[in-house]
file upload_32.txt (compact mmCIF, C-alpha atoms)
# COMPACT_ATOMS: atom_id res chain seq x y z
CA GLN A 17 -19.88 -72.12 -3.65
CA VAL A 18 -19.18 -71.17 -7.24
CA GLN A 19 -21.65 -69.37 -9.46
CA LEU A 20 -21.44 -69.70 -13.23
CA VAL A 21 -23.51 -67.60 -15.63
CA GLU A 22 -23.57 -68.33 -19.36
CA SER A 23 -24.57 -65.88 -22.06
CA GLY A 24 -24.31 -65.45 -25.80
CA GLY A 25 -26.55 -68.17 -27.16
CA GLY A 26 -29.09 -67.62 -29.89
CA LEU A 27 -30.28 -68.54 -33.35
CA VAL A 28 -27.73 -68.55 -36.16
CA GLN A 29 -27.67 -69.82 -39.73
CA PRO A 30 -25.41 -72.70 -40.75
CA GLY A 31 -21.89 -71.42 -41.30
CA GLY A 32 -22.40 -68.58 -38.86
CA SER A 33 -20.64 -67.74 -35.59
CA LEU A 34 -21.49 -67.19 -31.96
CA ARG A 35 -19.42 -66.41 -28.89
CA LEU A 36 -20.50 -67.82 -25.57
CA SER A 37 -19.37 -66.37 -22.26
CA CYS A 38 -19.16 -68.01 -18.84
CA ALA A 39 -18.70 -65.62 -15.93
CA ALA A 40 -17.53 -67.20 -12.69
CA SER A 41 -17.90 -65.80 -9.19
CA GLY A 42 -17.78 -66.97 -5.61
CA LEU A 43 -15.10 -69.32 -4.30
CA THR A 44 -13.08 -69.37 -7.52
CA PHE A 45 -10.08 -70.96 -5.79
CA VAL A 46 -11.91 -74.29 -5.42
CA TYR A 47 -11.62 -75.13 -9.11
CA ASN A 48 -8.73 -75.29 -11.56
CA ALA A 49 -10.55 -75.76 -14.84
CA ILE A 50 -13.65 -74.59 -16.64
CA GLY A 51 -15.29 -76.34 -19.53
CA TRP A 52 -18.11 -76.09 -22.02
CA PHE A 53 -20.60 -78.91 -22.41
CA ARG A 54 -23.70 -79.34 -24.51
CA GLN A 55 -26.84 -81.41 -24.46
CA ALA A 56 -29.18 -81.88 -27.37
CA PRO A 57 -32.72 -83.27 -26.94
CA GLY A 58 -32.62 -87.02 -26.36
CA LYS A 59 -28.84 -87.11 -26.07
CA GLU A 60 -26.39 -87.28 -23.21
CA ARG A 61 -24.47 -84.24 -22.08
CA GLU A 62 -21.07 -84.15 -23.76
CA GLY A 63 -17.87 -82.21 -23.28
CA VAL A 64 -17.09 -79.67 -26.00
CA SER A 65 -13.95 -77.94 -24.75
CA CYS A 66 -12.17 -77.49 -21.43
CA ILE A 67 -9.39 -75.15 -20.29
CA SER A 68 -7.07 -75.37 -17.32
CA TYR A 69 -6.34 -72.47 -15.00
CA SER A 70 -3.31 -74.32 -13.69
CA ASP A 71 -1.25 -74.76 -16.85
CA GLY A 72 -3.40 -73.34 -19.67
CA SER A 73 -3.89 -76.72 -21.32
CA ILE A 74 -6.89 -77.06 -23.61
CA TYR A 75 -8.98 -79.98 -24.82
CA TYR A 76 -11.42 -80.04 -27.72
CA GLN A 77 -13.91 -82.66 -28.74
CA ASP A 78 -12.99 -83.98 -32.19
CA SER A 79 -16.16 -82.70 -33.83
CA VAL A 80 -15.39 -79.06 -32.93
CA THR A 81 -11.62 -79.01 -33.44
CA GLY A 82 -10.71 -76.28 -35.89
CA ARG A 83 -14.09 -74.57 -35.56
CA PHE A 84 -14.38 -73.71 -31.86
CA THR A 85 -11.87 -71.82 -29.72
CA ILE A 86 -11.90 -71.66 -25.94
CA SER A 87 -10.18 -68.81 -24.12
CA ARG A 88 -10.12 -67.19 -20.72
CA ASP A 89 -9.85 -63.69 -19.27
CA ASN A 90 -8.41 -64.13 -15.79
CA ALA A 91 -9.07 -60.52 -14.79
CA LYS A 92 -12.78 -60.95 -15.52
CA ASN A 93 -13.01 -64.59 -14.33
CA THR A 94 -14.65 -65.32 -17.65
CA VAL A 95 -14.22 -68.14 -20.14
CA TYR A 96 -15.30 -67.77 -23.75
CA LEU A 97 -16.21 -70.23 -26.46
CA GLN A 98 -15.89 -68.81 -29.96
CA MET A 99 -17.91 -71.00 -32.31
CA ASN A 100 -17.36 -70.63 -36.04
CA SER A 101 -18.64 -72.57 -39.05
CA LEU A 102 -21.61 -73.70 -37.03
CA LYS A 103 -23.58 -76.72 -38.17
CA PRO A 104 -27.15 -77.81 -37.38
CA GLU A 105 -25.73 -80.66 -35.30
CA ASP A 106 -24.14 -78.09 -32.99
CA SER A 107 -27.63 -77.11 -31.81
CA ALA A 108 -27.98 -77.80 -28.09
CA VAL A 109 -28.14 -76.21 -24.69
CA TYR A 110 -24.59 -75.21 -23.82
CA TYR A 111 -23.47 -75.28 -20.21
CA CYS A 112 -20.27 -74.24 -18.55
CA ALA A 113 -18.92 -76.15 -15.59
CA ALA A 114 -16.07 -75.77 -13.12
CA THR A 115 -14.19 -78.38 -11.19
CA ARG A 116 -10.85 -79.43 -9.81
CA THR A 117 -9.36 -81.95 -12.19
CA PRO A 118 -6.00 -83.55 -12.96
CA THR A 119 -6.40 -83.00 -16.70
CA VAL A 120 -8.78 -81.11 -18.96
CA ARG A 121 -9.32 -84.28 -20.99
CA ALA A 122 -10.59 -86.01 -17.85
CA MET A 123 -12.89 -83.08 -17.14
CA CYS A 124 -14.39 -83.01 -20.61
CA ASN A 125 -14.90 -86.76 -20.69
CA SER A 126 -16.67 -87.01 -17.32
CA PRO A 127 -19.48 -84.47 -17.11
CA SER A 128 -21.32 -86.50 -14.48
CA ARG A 129 -18.49 -85.92 -11.99
CA LEU A 130 -18.33 -82.14 -12.19
CA SER A 131 -19.00 -79.94 -9.22
CA TYR A 132 -20.46 -76.67 -10.45
CA TRP A 133 -22.75 -75.87 -13.37
CA GLY A 134 -24.32 -72.85 -14.96
CA GLN A 135 -27.94 -72.66 -16.03
CA GLY A 136 -27.23 -73.14 -19.74
CA THR A 137 -27.77 -71.13 -22.90
CA GLN A 138 -29.58 -72.33 -26.01
CA VAL A 139 -27.74 -72.46 -29.33
CA THR A 140 -29.83 -73.17 -32.42
CA VAL A 141 -28.25 -73.51 -35.85
CA SER A 142 -30.90 -73.44 -38.52
CA SER A 143 -31.75 -71.80 -41.80
call {"tool": "encode", "arguments": {"input": "upload_32.txt", "output": "structure tokens"}}
result
Amino acid sequence: QVQLVESGGGLVQPGGSLRLSCAASGLTFVYNAIGWFRQAPGKEREGVSCISYSDGSIYYQDSVTGRFTISRDNAKNTVYLQMNSLKPEDSAVYYCAATRTPTVRAMCNSPSRLSYWGQGTQVTVSS
């Protein structure tokens, strides 16, 4: 089993920043990528950004490219999502997930197929 714990969500004004953290524990060898996903009320869960532990490749959803940055700290088994220039449409519950995947693009585009999920953290962008 893999346990994922997200933190760092909150309320921020438009244009502000937040950094989310995803701490992984347990059988960490069973996955090779971790990603961030989000789900707004009434919408499907969507991939935001995913990072590979195998080759370091990174994928971003078009709407966050240039504003969000995903990174990892292997020593801490933690993946971060730095979110800058936040917009109201970024408001959602953000989840991290881990899986074994051939590519990070495939991981981010197929949230229904992922193996392990955290409990989520709320991000609200509002003035």
call {"tool": "closest_residue", "arguments": {"input": "upload_32.txt", "among": "A:Phe45, A:Tyr76, A:Phe84, A:Tyr132", "to": "A:Glu62", "atoms": "all atoms listed in the file"}}
result
A:Tyr76
call {"tool": "closest_residue", "arguments": {"input": "upload_32.txt", "among": "A:Ser128, A:Gln98, A:Ser87, A:Gln19", "to": "A:Ala40", "atoms": "all atoms listed in the file"}}
result
A:Gln19
call {"tool": "closest_residue", "arguments": {"input": "upload_32.txt", "among": "A:Asn90, A:Gln135, A:Asn100, A:Ser126", "to": "A:Gln29", "atoms": "all atoms listed in the file"}}
result
A:Asn100
call {"tool": "residues_around", "arguments": {"input": "upload_32.txt", "residues": "A:Ile50", "least_positions_apart": "2", "cutoff": "7 Å", "atoms": "all atoms listed in the file", "output": "list of chain:residue names"}}
result
A:Cys66, A:Ile67, A:Ser68, A:Cys112, A:Ala113, A:Ala114, A:Thr115
call {"tool": "residues_around", "arguments": {"input": "upload_32.txt", "residues": "A:Ser37", "least_positions_apart": "3", "cutoff": "8 Å", "atoms": "only C-alpha atoms", "output": "PyMOL selection string"}}
result
chain A and resi 21-24+94-97
call {"tool": "build_atoms", "arguments": {"input": "upload_32.txt", "residues": "stretch 47-59 of chain A", "atoms": "N, CA and C atoms", "output": "tab-separated table (two decimals), keeping the file's coordinate frame"}}
result
chain	number	residue	atom	x	y	z
A	47	TYR	N	-11.71	-74.39	-7.86
A	47	TYR	CA	-11.62	-75.13	-9.11
A	47	TYR	C	-10.34	-74.75	-9.83
A	48	ASN	N	-9.91	-75.62	-10.76
A	48	ASN	CA	-8.73	-75.29	-11.56
A	48	ASN	C	-8.98	-75.43	-13.05
A	49	ALA	N	-10.22	-75.66	-13.42
A	49	ALA	CA	-10.55	-75.76	-14.84
A	49	ALA	C	-12.01	-75.41	-15.06
A	50	ILE	N	-12.28	-74.87	-16.22
A	50	ILE	CA	-13.65	-74.59	-16.64
A	50	ILE	C	-13.84	-75.20	-18.02
A	51	GLY	N	-15.03	-75.73	-18.24
A	51	GLY	CA	-15.29	-76.34	-19.53
A	51	GLY	C	-16.67	-76.01	-20.06
A	52	TRP	N	-16.82	-76.24	-21.35
A	52	TRP	CA	-18.11	-76.09	-22.02
A	52	TRP	C	-18.64	-77.46	-22.39
A	53	PHE	N	-19.91	-77.67	-22.12
A	53	PHE	CA	-20.60	-78.91	-22.41
A	53	PHE	C	-21.88	-78.59	-23.14
A	54	ARG	N	-22.43	-79.57	-23.82
A	54	ARG	CA	-23.70	-79.34	-24.51
A	54	ARG	C	-24.58	-80.57	-24.42
A	55	GLN	N	-25.87	-80.32	-24.50
A	55	GLN	CA	-26.84	-81.41	-24.46
A	55	GLN	C	-27.96	-81.11	-25.43
A	56	ALA	N	-28.10	-81.98	-26.41
A	56	ALA	CA	-29.18	-81.88	-27.37
A	56	ALA	C	-30.34	-82.75	-26.91
A	57	PRO	N	-31.55	-82.47	-27.37
A	57	PRO	CA	-32.72	-83.27	-26.94
A	57	PRO	C	-32.51	-84.76	-27.22
A	58	GLY	N	-32.74	-85.58	-26.21
A	58	GLY	CA	-32.62	-87.02	-26.36
A	58	GLY	C	-31.21	-87.55	-26.33
A	59	LYS	N	-30.24	-86.67	-26.09
A	59	LYS	CA	-28.84	-87.11	-26.07
A	59	LYS	C	-28.21	-86.82	-24.72
